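J.: There's a structure below that I have some questions on.
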Amino acid sequence: MLLIHNAHLPSAQRGWLLTDGTQIAQMGDGDAPSIEAAQVIDAQGGWLLPGFIDVHVHGSAGADAMDATPDALTTMARFFATRGVTGFLATTMTHSEIAITAALQNAAACMGKIKGGATLLGVHLEGPYINLKVKGAQDGQYVRTADPAEYLHWLALNVIREVTVAPEFPDNVGFIKACVERGINVSIGHTQATYEQVNAAIELGARHATHTFNAMTGLHHRNPGTVGGVMASELVTCEMISDTIHVHPAVMKILVRAKGVEGVAAITDAIRAAGMGDGVSELGGQTVTVKNGMATLADGTLAGSVLTLDQGFRNVLAVTGLSPDQAWPMFSANAARQIGLGDRKGRLQVGYDADLVLLDADYQVRQTIVEGEIVYTK
Ligand SMILES: [Zn+2]
């Protein structure tokens, strides 16, 4: 049992929370009742929020989901914990069937809480069924349309919780349907879908947009494009890379205002270079250079980010002017809901998993708790 008191919660300016085993057992405002807890933490007035959830992250700290090793996922999970992240989707790159299968099998074997780190909630399959013209930093030689002979094996591994797909190709419609049937979050991305094609995809069950504005047709007032389609729909949650590089701060603010704090999922899209400083790195078999916090391919294309989600949180507060009790769902609840875990993760609620982040007065991570266990202390 863990008792955290003197904390600023979304529900109370000064409150407390008690865990029991892996779950939140009791909460309240004011002084905590006298409870015999194994461990007591004085939050000193700092924010206690649901642990951050990143549904679009390739790697960090030198490791990448495509390494397809348990070590890589452990390295990532432990690094994320230092940044307040309690759950993540290991995100694959557009690559060969063999390489993607290996990454999926590895993730399937490592699913769940990773010792000393965040919980691996599953995989975000980014591509390979995308539009070559907006491949971003995905390797074009592997871009293809969906083939059931390939994806049915992947889906059978039961590890994929989100897919990024370009809906404008007829071959991809069957894939979208197969994912929706299995409760997988279908995300429109790396696409040149028209407004009409976006709406057709929503009709099929797509409910998410991948790194909104990046690698999709932009908004024109007489031609709403992909961006217009996903922004106009109340059904779609928009991923937002919150590094202020992939999306201009003004446009971050516009997106949050248009979608509301329930309609945005902040992500990092981080790569193995995250947490490693400037230098040469790798993404999907391609060389990446990181300079001044910007990761690019040789031709200048942005190649994911080196963002961490705690920095994203601070960025979003600064850009939008929202307070933590307004902004927090963009960092946990919305992602959990989108990937089908909204009934047990992403909220501070009795009976929910005790996935928590405790912040100090500057919104720096002080402590991270995953399923009731302290995995990081500053
Ligand atoms: Zn990505």
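If you're wondering about the labels, chains in the structure tokens are A, B, ... by order shown, residues count from 1 in each chain, ligands from 1 in order shown.
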If the limit is 8 Å from any atom of ligand 1, counting only C-alpha atoms and all ligand atoms, which residues qualify? Return them as a list in words.

T.: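 Based on only C-alpha atoms and all ligand atoms, ligand 1 is surrounded within 8 Å by His56, Val57, His58, Thr91, Thr92, Met93, Glu126, His211, Asp269, Ala270 and Gly304 of chain A.
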
J.: How about saving the chosen residues, N, CA and C atoms kept, as a PDB file, in the first residue's frame?

T.:
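selection03.pdb was written with the following content:
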ATOM      1  N   HIS A  56       2.475   6.584 -29.563  1.00  0.00           N
ATOM      2  CA  HIS A  56       3.261   6.669 -30.803  1.00  0.00           C
ATOM      3  C   HIS A  56       4.703   6.997 -30.446  1.00  0.00           C
ATOM      4  N   VAL A  57       5.466   5.928 -30.236  1.00  0.00           N
ATOM      5  CA  VAL A  57       6.868   6.117 -29.867  1.00  0.00           C
ATOM      6  C   VAL A  57       7.677   4.919 -30.379  1.00  0.00           C
ATOM      7  N   HIS A  58       8.710   5.222 -31.146  1.00  0.00           N
ATOM      8  CA  HIS A  58       9.510   4.166 -31.791  1.00  0.00           C
ATOM      9  C   HIS A  58      10.642   3.671 -30.912  1.00  0.00           C
ATOM     10  N   THR A  91       6.137   1.291 -31.298  1.00  0.00           N
ATOM     11  CA  THR A  91       5.665   1.640 -32.637  1.00  0.00           C
ATOM     12  C   THR A  91       6.637   1.148 -33.701  1.00  0.00           C
ATOM     13  N   THR A  92       6.089   0.393 -34.652  1.00  0.00           N
ATOM     14  CA  THR A  92       6.926  -0.202 -35.697  1.00  0.00           C
ATOM     15  C   THR A  92       7.090   0.769 -36.862  1.00  0.00           C
ATOM     16  N   MET A  93       8.062   0.481 -37.703  1.00  0.00           N
ATOM     17  CA  MET A  93       8.309   1.272 -38.907  1.00  0.00           C
ATOM     18  C   MET A  93       7.862   0.473 -40.126  1.00  0.00           C
ATOM     19  N   GLU A 126       2.789   1.318 -37.506  1.00  0.00           N
ATOM     20  CA  GLU A 126       2.787   2.523 -38.351  1.00  0.00           C
ATOM     21  C   GLU A 126       3.230   2.118 -39.750  1.00  0.00           C
ATOM     22  N   HIS A 211      -0.051  11.648 -35.947  1.00  0.00           N
ATOM     23  CA  HIS A 211       0.709  12.916 -35.912  1.00  0.00           C
ATOM     24  C   HIS A 211       0.100  13.981 -36.832  1.00  0.00           C
ATOM     25  N   ASP A 269       6.421  10.458 -30.825  1.00  0.00           N
ATOM     26  CA  ASP A 269       7.000   9.941 -32.071  1.00  0.00           C
ATOM     27  C   ASP A 269       8.527   9.877 -31.929  1.00  0.00           C
ATOM     28  N   ALA A 270       8.981   9.626 -30.702  1.00  0.00           N
ATOM     29  CA  ALA A 270      10.426   9.634 -30.439  1.00  0.00           C
ATOM     30  C   ALA A 270      11.117   8.420 -31.062  1.00  0.00           C
ATOM     31  N   GLY A 304      11.017  11.587 -37.049  1.00  0.00           N
ATOM     32  CA  GLY A 304      10.582  11.402 -35.681  1.00  0.00           C
ATOM     33  C   GLY A 304      11.128  12.527 -34.816  1.00  0.00           C
TER      34      GLY A 304
END

J.: Write out as a ChimeraX atom specification each polymer residue whose atoms come within 10 Å of His190 (chain A), counting only C-alpha atoms; drop sequence neighbours fewer than 5 positions from it.

T.: /A:126-136,138,164-167,209-217,226

J.: Export N, CA and C atoms of the chosen residues as a PDB file, in the first residue's frame?

T.:
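Everything below was put into selection-v3.pdb:
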ATOM      1  N   GLU A 126       2.789   1.318 -37.506  1.00  0.00           N
ATOM      2  CA  GLU A 126       2.787   2.523 -38.351  1.00  0.00           C
ATOM      3  C   GLU A 126       3.230   2.118 -39.750  1.00  0.00           C
ATOM      4  N   GLY A 127       2.273   2.072 -40.676  1.00  0.00           N
ATOM      5  CA  GLY A 127       2.551   1.467 -41.964  1.00  0.00           C
ATOM      6  C   GLY A 127       2.530  -0.039 -41.825  1.00  0.00           C
ATOM      7  N   PRO A 128       2.902  -0.787 -42.835  1.00  0.00           N
ATOM      8  CA  PRO A 128       3.485  -0.311 -44.096  1.00  0.00           C
ATOM      9  C   PRO A 128       2.445   0.113 -45.135  1.00  0.00           C
ATOM     10  N   TYR A 129       1.129   0.104 -44.733  1.00  0.00           N
ATOM     11  CA  TYR A 129       0.077   0.362 -45.740  1.00  0.00           C
ATOM     12  C   TYR A 129      -0.256   1.850 -45.774  1.00  0.00           C
ATOM     13  N   ILE A 130       0.702   2.605 -46.318  1.00  0.00           N
ATOM     14  CA  ILE A 130       0.586   4.066 -46.314  1.00  0.00           C
ATOM     15  C   ILE A 130       0.788   4.600 -47.732  1.00  0.00           C
ATOM     16  N   ASN A 131       0.742   5.909 -47.869  1.00  0.00           N
ATOM     17  CA  ASN A 131       0.887   6.541 -49.182  1.00  0.00           C
ATOM     18  C   ASN A 131       2.347   6.985 -49.369  1.00  0.00           C
ATOM     19  N   LEU A 132       2.974   6.433 -50.407  1.00  0.00           N
ATOM     20  CA  LEU A 132       4.390   6.711 -50.685  1.00  0.00           C
ATOM     21  C   LEU A 132       4.667   8.219 -50.777  1.00  0.00           C
ATOM     22  N   LYS A 133       3.686   8.969 -51.285  1.00  0.00           N
ATOM     23  CA  LYS A 133       3.906  10.411 -51.509  1.00  0.00           C
ATOM     24  C   LYS A 133       4.043  11.188 -50.194  1.00  0.00           C
ATOM     25  N   VAL A 134       3.553  10.620 -49.115  1.00  0.00           N
ATOM     26  CA  VAL A 134       3.687  11.287 -47.808  1.00  0.00           C
ATOM     27  C   VAL A 134       4.280  10.307 -46.804  1.00  0.00           C
ATOM     28  N   LYS A 135       5.369   9.657 -47.230  1.00  0.00           N
ATOM     29  CA  LYS A 135       5.966   8.615 -46.396  1.00  0.00           C
ATOM     30  C   LYS A 135       6.709   9.192 -45.197  1.00  0.00           C
ATOM     31  N   GLY A 136       6.991  10.518 -45.241  1.00  0.00           N
ATOM     32  CA  GLY A 136       7.765  11.109 -44.149  1.00  0.00           C
ATOM     33  C   GLY A 136       9.098  10.407 -44.059  1.00  0.00           C
ATOM     34  N   GLN A 138       9.461   7.255 -43.303  1.00  0.00           N
ATOM     35  CA  GLN A 138       9.342   5.810 -43.526  1.00  0.00           C
ATOM     36  C   GLN A 138      10.103   5.469 -44.808  1.00  0.00           C
ATOM     37  N   THR A 164      -1.594   2.707 -38.175  1.00  0.00           N
ATOM     38  CA  THR A 164      -1.637   3.892 -39.031  1.00  0.00           C
ATOM     39  C   THR A 164      -1.758   3.427 -40.463  1.00  0.00           C
ATOM     40  N   VAL A 165      -2.788   3.901 -41.148  1.00  0.00           N
ATOM     41  CA  VAL A 165      -3.074   3.417 -42.491  1.00  0.00           C
ATOM     42  C   VAL A 165      -3.578   4.571 -43.364  1.00  0.00           C
ATOM     43  N   ALA A 166      -3.247   4.499 -44.662  1.00  0.00           N
ATOM     44  CA  ALA A 166      -3.777   5.461 -45.635  1.00  0.00           C
ATOM     45  C   ALA A 166      -5.072   4.876 -46.197  1.00  0.00           C
ATOM     46  N   PRO A 167      -6.207   5.510 -45.949  1.00  0.00           N
ATOM     47  CA  PRO A 167      -7.485   4.890 -46.304  1.00  0.00           C
ATOM     48  C   PRO A 167      -7.876   5.059 -47.769  1.00  0.00           C
ATOM     49  N   ALA A 209      -6.180  10.043 -35.711  1.00  0.00           N
ATOM     50  CA  ALA A 209      -5.329  10.608 -36.759  1.00  0.00           C
ATOM     51  C   ALA A 209      -3.887  10.610 -36.273  1.00  0.00           C
ATOM     52  N   THR A 210      -3.000  10.151 -37.148  1.00  0.00           N
ATOM     53  CA  THR A 210      -1.586   9.995 -36.787  1.00  0.00           C
ATOM     54  C   THR A 210      -0.824  11.306 -36.962  1.00  0.00           C
ATOM     55  N   HIS A 211      -0.051  11.648 -35.947  1.00  0.00           N
ATOM     56  CA  HIS A 211       0.709  12.916 -35.912  1.00  0.00           C
ATOM     57  C   HIS A 211       0.100  13.981 -36.832  1.00  0.00           C
ATOM     58  N   THR A 212      -1.048  14.467 -36.380  1.00  0.00           N
ATOM     59  CA  THR A 212      -1.873  15.409 -37.145  1.00  0.00           C
ATOM     60  C   THR A 212      -1.027  16.551 -37.743  1.00  0.00           C
ATOM     61  N   PHE A 213      -1.326  16.832 -38.987  1.00  0.00           N
ATOM     62  CA  PHE A 213      -0.681  17.849 -39.840  1.00  0.00           C
ATOM     63  C   PHE A 213       0.557  17.285 -40.540  1.00  0.00           C
ATOM     64  N   ASN A 214       1.239  16.337 -39.900  1.00  0.00           N
ATOM     65  CA  ASN A 214       2.442  15.786 -40.507  1.00  0.00           C
ATOM     66  C   ASN A 214       2.074  14.592 -41.390  1.00  0.00           C
ATOM     67  N   ALA A 215       2.625  14.596 -42.610  1.00  0.00           N
ATOM     68  CA  ALA A 215       2.408  13.498 -43.555  1.00  0.00           C
ATOM     69  C   ALA A 215       0.923  13.294 -43.878  1.00  0.00           C
ATOM     70  N   MET A 216       0.197  14.386 -44.053  1.00  0.00           N
ATOM     71  CA  MET A 216      -1.192  14.316 -44.526  1.00  0.00           C
ATOM     72  C   MET A 216      -1.543  15.599 -45.272  1.00  0.00           C
ATOM     73  N   THR A 217      -2.600  15.524 -46.092  1.00  0.00           N
ATOM     74  CA  THR A 217      -3.007  16.690 -46.866  1.00  0.00           C
ATOM     75  C   THR A 217      -3.489  17.793 -45.936  1.00  0.00           C
ATOM     76  N   THR A 226      -7.205  16.018 -45.606  1.00  0.00           N
ATOM     77  CA  THR A 226      -7.158  15.100 -44.464  1.00  0.00           C
ATOM     78  C   THR A 226      -7.267  15.870 -43.152  1.00  0.00           C
TER      79      THR A 226
END

J.: Output as number ranges by chain all residues of region 179-241 of chain A that backbone DSSP marks as strand (DSSP E or B).

T.: A: 185-188, 191, 208-209, 216, 220, 223, 237-241

J.: Residues of region 291-312 of chain A that have any atom at most 12 Å from an atom of region 276-284 of chain A: could you tabulate them with the shortest-distance atom pair and the distance in Å to one decimal, using only C-alpha atoms, ordered by chain and increasing number, as a tab-separated table?

T.:
residue	atom	partner	partner_atom	distance
A:Lys291	CA	A:Asp278	CA	5.1
A:Asn292	CA	A:Asp278	CA	6.6
A:Gly293	CA	A:Asp278	CA	6.8
A:Met294	CA	A:Asp278	CA	8.5
A:Ala295	CA	A:Ser281	CA	8.7
A:Thr296	CA	A:Ser281	CA	9.7
A:Leu297	CA	A:Leu283	CA	8.9
A:Ala298	CA	A:Val280	CA	10.8
A:Leu302	CA	A:Leu283	CA	11.1
A:Ala303	CA	A:Leu283	CA	7.4
A:Gly304	CA	A:Leu283	CA	8.3
A:Ser305	CA	A:Leu283	CA	10.6
A:Val306	CA	A:Met276	CA	8.4
A:Leu307	CA	A:Met276	CA	10.9
A:Thr308	CA	A:Met276	CA	11.5

J.: So that I can see what lies close to region 60-76 of chain A, please list as an MDAnalysis selection string the residues with an atom at most 8 Å from it, counting only C-alpha atoms and leaving out residues fewer than 3 positions away in the same chain.

T.: chainID A and resid 79:80 90:93 99:100 102:107 110 114:115 117 270:276 284 306

J.: Write the selection just made, keeping N, CA and C atoms, as a short mmCIF file (atom, residue, chain, number, x, y, z; two decimals), in the first residue's frame?

T.:
data_model
loop_
_atom_site.label_atom_id
_atom_site.label_comp_id
_atom_site.auth_asym_id
_atom_site.auth_seq_id
_atom_site.Cartn_x
_atom_site.Cartn_y
_atom_site.Cartn_z
N PHE A 79 13.50 4.00 -19.51
CA PHE A 79 13.72 5.42 -19.83
C PHE A 79 12.40 6.20 -19.72
N PHE A 80 11.34 5.63 -20.27
CA PHE A 80 10.04 6.31 -20.22
C PHE A 80 9.62 6.60 -18.78
N ALA A 90 4.75 0.26 -28.38
CA ALA A 90 5.97 0.16 -29.17
C ALA A 90 5.56 0.32 -30.63
N THR A 91 6.14 1.29 -31.30
CA THR A 91 5.67 1.64 -32.64
C THR A 91 6.64 1.15 -33.70
N THR A 92 6.09 0.39 -34.65
CA THR A 92 6.93 -0.20 -35.70
C THR A 92 7.09 0.77 -36.86
N MET A 93 8.06 0.48 -37.70
CA MET A 93 8.31 1.27 -38.91
C MET A 93 7.86 0.47 -40.13
N ALA A 99 10.90 -8.24 -40.86
CA ALA A 99 11.32 -7.31 -39.78
C ALA A 99 10.13 -6.92 -38.90
N ILE A 100 8.99 -6.65 -39.53
CA ILE A 100 7.81 -6.26 -38.74
C ILE A 100 7.32 -7.44 -37.91
N ALA A 102 9.05 -9.85 -36.71
CA ALA A 102 9.97 -10.04 -35.57
C ALA A 102 9.67 -9.04 -34.46
N ALA A 103 9.42 -7.78 -34.83
CA ALA A 103 9.11 -6.75 -33.83
C ALA A 103 7.80 -7.08 -33.11
N LEU A 104 6.82 -7.57 -33.85
CA LEU A 104 5.52 -7.90 -33.25
C LEU A 104 5.64 -9.10 -32.31
N GLN A 105 6.37 -10.11 -32.75
CA GLN A 105 6.53 -11.31 -31.91
C GLN A 105 7.27 -10.98 -30.63
N ASN A 106 8.27 -10.13 -30.76
CA ASN A 106 9.03 -9.71 -29.58
C ASN A 106 8.14 -8.95 -28.61
N ALA A 107 7.35 -8.01 -29.13
CA ALA A 107 6.46 -7.23 -28.27
C ALA A 107 5.41 -8.14 -27.63
N CYS A 110 6.75 -9.67 -24.63
CA CYS A 110 7.12 -8.75 -23.54
C CYS A 110 5.93 -7.95 -23.00
N ILE A 114 6.88 -3.95 -17.51
CA ILE A 114 8.29 -4.29 -17.69
C ILE A 114 9.02 -3.89 -16.42
N LYS A 115 9.77 -4.82 -15.88
CA LYS A 115 10.42 -4.62 -14.57
C LYS A 115 11.18 -3.29 -14.53
N GLY A 117 10.08 -0.38 -15.13
CA GLY A 117 9.72 0.60 -16.16
C GLY A 117 8.24 0.71 -16.40
N ALA A 270 8.98 9.63 -30.70
CA ALA A 270 10.43 9.63 -30.44
C ALA A 270 11.12 8.42 -31.06
N ILE A 271 12.38 8.61 -31.37
CA ILE A 271 13.21 7.57 -31.97
C ILE A 271 14.36 7.22 -31.01
N ARG A 272 15.19 6.28 -31.41
CA ARG A 272 16.22 5.79 -30.47
C ARG A 272 17.15 6.90 -29.99
N ALA A 273 17.24 7.98 -30.75
CA ALA A 273 18.13 9.08 -30.37
C ALA A 273 17.61 9.87 -29.17
N ALA A 274 16.34 9.70 -28.81
CA ALA A 274 15.79 10.47 -27.68
C ALA A 274 16.55 10.14 -26.41
N GLY A 275 16.93 11.17 -25.70
CA GLY A 275 17.67 10.98 -24.45
C GLY A 275 19.15 10.78 -24.66
N MET A 276 19.62 10.89 -25.91
CA MET A 276 21.02 10.60 -26.23
C MET A 276 21.82 11.85 -26.64
N GLY A 284 14.50 3.06 -38.80
CA GLY A 284 14.01 2.21 -39.88
C GLY A 284 15.07 1.89 -40.92
N VAL A 306 13.02 13.71 -30.76
CA VAL A 306 13.77 13.29 -29.57
C VAL A 306 13.05 13.82 -28.33
#

J.: Show me, as a list in words, the residues that have an atom within 7 Å of region 245-257 of chain A when counting only C-alpha atoms, minus same-chain residues fewer than 6 positions from it.

T.: Val264, Val319 and Thr320 of chain A

J.: Could the residues in this selection be saved with C-alpha atoms as a tab-separated table (two decimals), in the first residue's frame?

T.:
chain	number	residue	atom	x	y	z
A	264	VAL	CA	-6.15	15.28	-28.62
A	319	VAL	CA	1.56	26.95	-25.65
A	320	THR	CA	-2.11	26.63	-24.75

J.: Just the residues within 12 Å of Val227 (chain A), please, counting only C-alpha atoms, with nothing from its chain fewer than 2 positions along; format it as a CSV table (one decimal) with N, CA and C atoms, in the first residue's frame.

T.:
chain,number,residue,atom,x,y,z
A,188,ILE,N,-5.8,7.3,-39.1
A,188,ILE,CA,-5.6,7.8,-40.5
A,188,ILE,C,-4.3,8.6,-40.5
A,189,GLY,N,-3.3,8.1,-41.4
A,189,GLY,CA,-2.1,8.8,-41.4
A,189,GLY,C,-1.2,8.4,-42.5
A,190,HIS,N,-0.1,9.2,-42.7
A,190,HIS,CA,0.7,9.1,-43.9
A,190,HIS,C,-0.2,8.9,-45.1
A,191,THR,N,-1.0,9.9,-45.3
A,191,THR,CA,-2.1,9.8,-46.3
A,191,THR,C,-2.4,11.1,-47.1
A,192,GLN,N,-2.9,10.9,-48.3
A,192,GLN,CA,-3.4,12.0,-49.0
A,192,GLN,C,-4.9,11.9,-49.2
A,193,ALA,N,-5.6,11.3,-48.2
A,193,ALA,CA,-7.0,11.2,-48.3
A,193,ALA,C,-7.7,12.5,-48.4
A,194,THR,N,-8.7,12.6,-49.2
A,194,THR,CA,-9.5,13.8,-49.4
A,194,THR,C,-10.5,13.8,-48.2
A,195,TYR,N,-11.1,14.9,-48.0
A,195,TYR,CA,-12.1,15.1,-47.0
A,195,TYR,C,-13.2,13.9,-47.1
A,196,GLU,N,-13.6,13.6,-48.3
A,196,GLU,CA,-14.6,12.6,-48.5
A,196,GLU,C,-14.0,11.2,-48.1
A,197,GLN,N,-12.8,11.0,-48.5
A,197,GLN,CA,-12.1,9.7,-48.1
A,197,GLN,C,-11.9,9.6,-46.6
A,198,VAL,N,-11.6,10.7,-46.0
A,198,VAL,CA,-11.5,10.6,-44.5
A,198,VAL,C,-12.9,10.2,-43.9
A,199,ASN,N,-13.9,10.8,-44.4
A,199,ASN,CA,-15.2,10.5,-43.9
A,199,ASN,C,-15.7,9.1,-44.2
A,208,HIS,N,-9.0,7.9,-35.3
A,208,HIS,CA,-7.8,8.5,-34.8
A,208,HIS,C,-7.0,9.1,-36.0
A,209,ALA,N,-6.2,10.0,-35.7
A,209,ALA,CA,-5.3,10.6,-36.8
A,209,ALA,C,-3.9,10.6,-36.3
A,210,THR,N,-3.0,10.2,-37.1
A,210,THR,CA,-1.6,10.0,-36.8
A,210,THR,C,-0.8,11.3,-37.0
A,211,HIS,N,-0.1,11.6,-35.9
A,211,HIS,CA,0.7,12.9,-35.9
A,211,HIS,C,0.1,14.0,-36.8
A,212,THR,N,-1.0,14.5,-36.4
A,212,THR,CA,-1.9,15.4,-37.1
A,212,THR,C,-1.0,16.6,-37.7
A,213,PHE,N,-1.3,16.8,-39.0
A,213,PHE,CA,-0.7,17.8,-39.8
A,213,PHE,C,0.6,17.3,-40.5
A,214,ASN,N,1.2,16.3,-39.9
A,214,ASN,CA,2.4,15.8,-40.5
A,214,ASN,C,2.1,14.6,-41.4
A,215,ALA,N,2.6,14.6,-42.6
A,215,ALA,CA,2.4,13.5,-43.6
A,215,ALA,C,0.9,13.3,-43.9
A,216,MET,N,0.2,14.4,-44.1
A,216,MET,CA,-1.2,14.3,-44.5
A,216,MET,C,-1.5,15.6,-45.3
A,217,THR,N,-2.6,15.5,-46.1
A,217,THR,CA,-3.0,16.7,-46.9
A,217,THR,C,-3.5,17.8,-45.9
A,218,GLY,N,-3.0,19.0,-46.1
A,218,GLY,CA,-3.3,20.1,-45.3
A,218,GLY,C,-4.7,20.7,-45.4
A,219,LEU,N,-5.0,21.6,-44.6
A,219,LEU,CA,-6.3,22.3,-44.6
A,219,LEU,C,-6.3,23.5,-45.6
A,220,HIS,N,-7.3,23.5,-46.5
A,220,HIS,CA,-7.5,24.6,-47.3
A,220,HIS,C,-9.0,24.9,-47.2
A,221,HIS,N,-9.4,26.2,-47.1
A,221,HIS,CA,-10.8,26.5,-46.7
A,221,HIS,C,-11.8,26.1,-47.8
A,223,ASN,N,-11.0,23.3,-49.6
A,223,ASN,CA,-10.6,21.9,-49.9
A,223,ASN,C,-10.0,21.4,-48.5
A,224,PRO,N,-10.9,20.9,-47.7
A,224,PRO,CA,-10.5,20.6,-46.3
A,224,PRO,C,-9.4,19.5,-46.1
A,225,GLY,N,-9.3,18.6,-47.1
A,225,GLY,CA,-8.2,17.6,-47.1
A,225,GLY,C,-8.3,16.7,-45.8
A,229,GLY,N,-10.7,17.0,-42.5
A,229,GLY,CA,-11.6,15.9,-42.2
A,229,GLY,C,-11.5,15.4,-40.7
A,230,VAL,N,-10.2,15.3,-40.3
A,230,VAL,CA,-10.0,14.8,-38.9
A,230,VAL,C,-10.3,15.8,-37.9
A,231,MET,N,-10.1,17.1,-38.2
A,231,MET,CA,-10.4,18.2,-37.3
A,231,MET,C,-11.9,18.4,-37.2
A,232,ALA,N,-12.6,18.2,-38.3
A,232,ALA,CA,-14.1,18.5,-38.2
A,232,ALA,C,-14.9,17.4,-37.5
A,233,SER,N,-14.3,16.2,-37.5
A,233,SER,CA,-15.1,15.1,-36.9
A,233,SER,C,-15.0,15.0,-35.4
A,236,VAL,N,-13.1,11.7,-34.1
A,236,VAL,CA,-11.7,11.4,-34.3
A,236,VAL,C,-10.8,12.1,-33.2
A,237,THR,N,-10.0,11.3,-32.6
A,237,THR,CA,-8.9,11.9,-31.7
A,237,THR,C,-7.7,12.1,-32.5
A,238,CYS,N,-7.1,13.3,-32.3
A,238,CYS,CA,-5.9,13.7,-33.1
A,238,CYS,C,-4.6,13.6,-32.3
A,239,GLU,N,-3.7,12.8,-32.8
A,239,GLU,CA,-2.3,12.7,-32.2
A,239,GLU,C,-1.7,14.1,-32.5
A,251,VAL,N,-0.3,26.4,-34.1
A,251,VAL,CA,-1.1,25.4,-34.7
A,251,VAL,C,-1.4,24.3,-33.6
A,255,LEU,N,-5.2,23.3,-32.8
A,255,LEU,CA,-5.7,22.0,-32.7
A,255,LEU,C,-6.4,21.7,-31.4
A,258,ALA,N,-9.7,23.4,-31.3
A,258,ALA,CA,-10.7,22.8,-32.2
A,258,ALA,C,-11.2,21.4,-31.7
A,259,LYS,N,-10.3,20.6,-31.2
A,259,LYS,CA,-10.7,19.3,-30.8
A,259,LYS,C,-11.2,19.2,-29.3

J.: Mind checking which residues fall within 9 Å of Asp355 (chain A), counting only C-alpha atoms, ignoring those fewer than 6 positions away in the same chain, and posting them as a ChimeraX atom specification?

T.: /A:22-24,49-52,85-87,345-348,368-373

J.: For CA of Ile267 (chain A) and CA of Lys378 (chain A), determine how far apart the two atoms are, in Å to one decimal place.

T.: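 Those two atoms sit 22.7 Å apart.
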
J.: If you run DSSP over the backbone, which residues in region 316-349 of chain A end up helix (DSSP H, G or I)? Put them as a VMD selection string.

T.: chain A and resid 316 to 320 324 to 331 333 to 338

J.: For the selection just defined, write its residues with N, CA and C atoms to a file, as an mmCIF file, in the first residue's frame.

T.:
data_model
loop_
_atom_site.group_PDB
_atom_site.id
_atom_site.type_symbol
_atom_site.label_atom_id
_atom_site.label_comp_id
_atom_site.auth_asym_id
_atom_site.auth_seq_id
_atom_site.Cartn_x
_atom_site.Cartn_y
_atom_site.Cartn_z
ATOM 1 N N VAL A 316 2.895 21.873 -23.913
ATOM 2 C CA VAL A 316 1.465 22.084 -24.152
ATOM 3 C C VAL A 316 0.898 23.102 -23.159
ATOM 4 N N LEU A 317 1.328 23.033 -21.904
ATOM 5 C CA LEU A 317 0.872 24.019 -20.926
ATOM 6 C C LEU A 317 1.306 25.417 -21.356
ATOM 7 N N ALA A 318 2.567 25.535 -21.793
ATOM 8 C CA ALA A 318 3.094 26.845 -22.171
ATOM 9 C C ALA A 318 2.382 27.395 -23.407
ATOM 10 N N VAL A 319 2.131 26.529 -24.371
ATOM 11 C CA VAL A 319 1.564 26.954 -25.651
ATOM 12 C C VAL A 319 0.076 27.288 -25.537
ATOM 13 N N THR A 320 -0.649 26.467 -24.791
ATOM 14 C CA THR A 320 -2.112 26.632 -24.748
ATOM 15 C C THR A 320 -2.566 27.523 -23.600
ATOM 16 N N PRO A 324 -2.714 22.203 -15.596
ATOM 17 C CA PRO A 324 -2.633 20.732 -15.608
ATOM 18 C C PRO A 324 -3.988 20.053 -15.438
ATOM 19 N N ASP A 325 -4.885 20.663 -14.615
ATOM 20 C CA ASP A 325 -6.171 19.981 -14.421
ATOM 21 C C ASP A 325 -7.067 20.073 -15.655
ATOM 22 N N GLN A 326 -6.709 20.933 -16.605
ATOM 23 C CA GLN A 326 -7.422 20.950 -17.888
ATOM 24 C C GLN A 326 -6.710 20.077 -18.930
ATOM 25 N N ALA A 327 -5.392 20.122 -18.927
ATOM 26 C CA ALA A 327 -4.615 19.505 -20.013
ATOM 27 C C ALA A 327 -4.367 18.006 -19.845
ATOM 28 N N TRP A 328 -4.486 17.489 -18.606
ATOM 29 C CA TRP A 328 -4.023 16.123 -18.358
ATOM 30 C C TRP A 328 -4.634 15.041 -19.261
ATOM 31 N N PRO A 329 -5.936 15.143 -19.659
ATOM 32 C CA PRO A 329 -6.467 14.020 -20.458
ATOM 33 C C PRO A 329 -5.710 13.788 -21.771
ATOM 34 N N MET A 330 -5.079 14.824 -22.303
ATOM 35 C CA MET A 330 -4.338 14.691 -23.565
ATOM 36 C C MET A 330 -3.098 13.811 -23.393
ATOM 37 N N PHE A 331 -2.716 13.571 -22.132
ATOM 38 C CA PHE A 331 -1.483 12.824 -21.862
ATOM 39 C C PHE A 331 -1.744 11.429 -21.300
ATOM 40 N N ALA A 333 -5.712 9.883 -20.438
ATOM 41 C CA ALA A 333 -7.066 9.326 -20.595
ATOM 42 C C ALA A 333 -7.457 9.124 -22.060
ATOM 43 N N ASN A 334 -7.129 10.086 -22.903
ATOM 44 C CA ASN A 334 -7.566 9.982 -24.296
ATOM 45 C C ASN A 334 -6.869 8.825 -25.002
ATOM 46 N N ALA A 335 -5.580 8.683 -24.754
ATOM 47 C CA ALA A 335 -4.831 7.582 -25.359
ATOM 48 C C ALA A 335 -5.379 6.244 -24.866
ATOM 49 N N ALA A 336 -5.623 6.150 -23.558
ATOM 50 C CA ALA A 336 -6.138 4.896 -22.994
ATOM 51 C C ALA A 336 -7.485 4.531 -23.624
ATOM 52 N N ARG A 337 -8.344 5.527 -23.723
ATOM 53 C CA ARG A 337 -9.667 5.299 -24.337
ATOM 54 C C ARG A 337 -9.524 4.816 -25.778
ATOM 55 N N GLN A 338 -8.641 5.447 -26.535
ATOM 56 C CA GLN A 338 -8.508 5.117 -27.956
ATOM 57 C C GLN A 338 -8.023 3.694 -28.190
#

J.: Can you pull out every residue within 8 Å of Gly340 (chain A), counting only C-alpha atoms, but drop anything in the same chain fewer than 5 positions away, and send it as JSON, numbers by chain?

T.: {"A": [161, 183, 184, 185]}

J.: Include C-alpha atoms and write out the residues we just selected as an mmCIF file, in the first residue's frame.

T.:
data_model
loop_
_atom_site.group_PDB
_atom_site.id
_atom_site.type_symbol
_atom_site.label_atom_id
_atom_site.label_comp_id
_atom_site.auth_asym_id
_atom_site.auth_seq_id
_atom_site.Cartn_x
_atom_site.Cartn_y
_atom_site.Cartn_z
ATOM 1 C CA ARG A 161 -3.618 -1.915 -30.477
ATOM 2 C CA GLY A 183 -11.192 -3.426 -31.536
ATOM 3 C CA ILE A 184 -7.909 -1.989 -32.823
ATOM 4 C CA ASN A 185 -7.623 1.798 -32.960
#
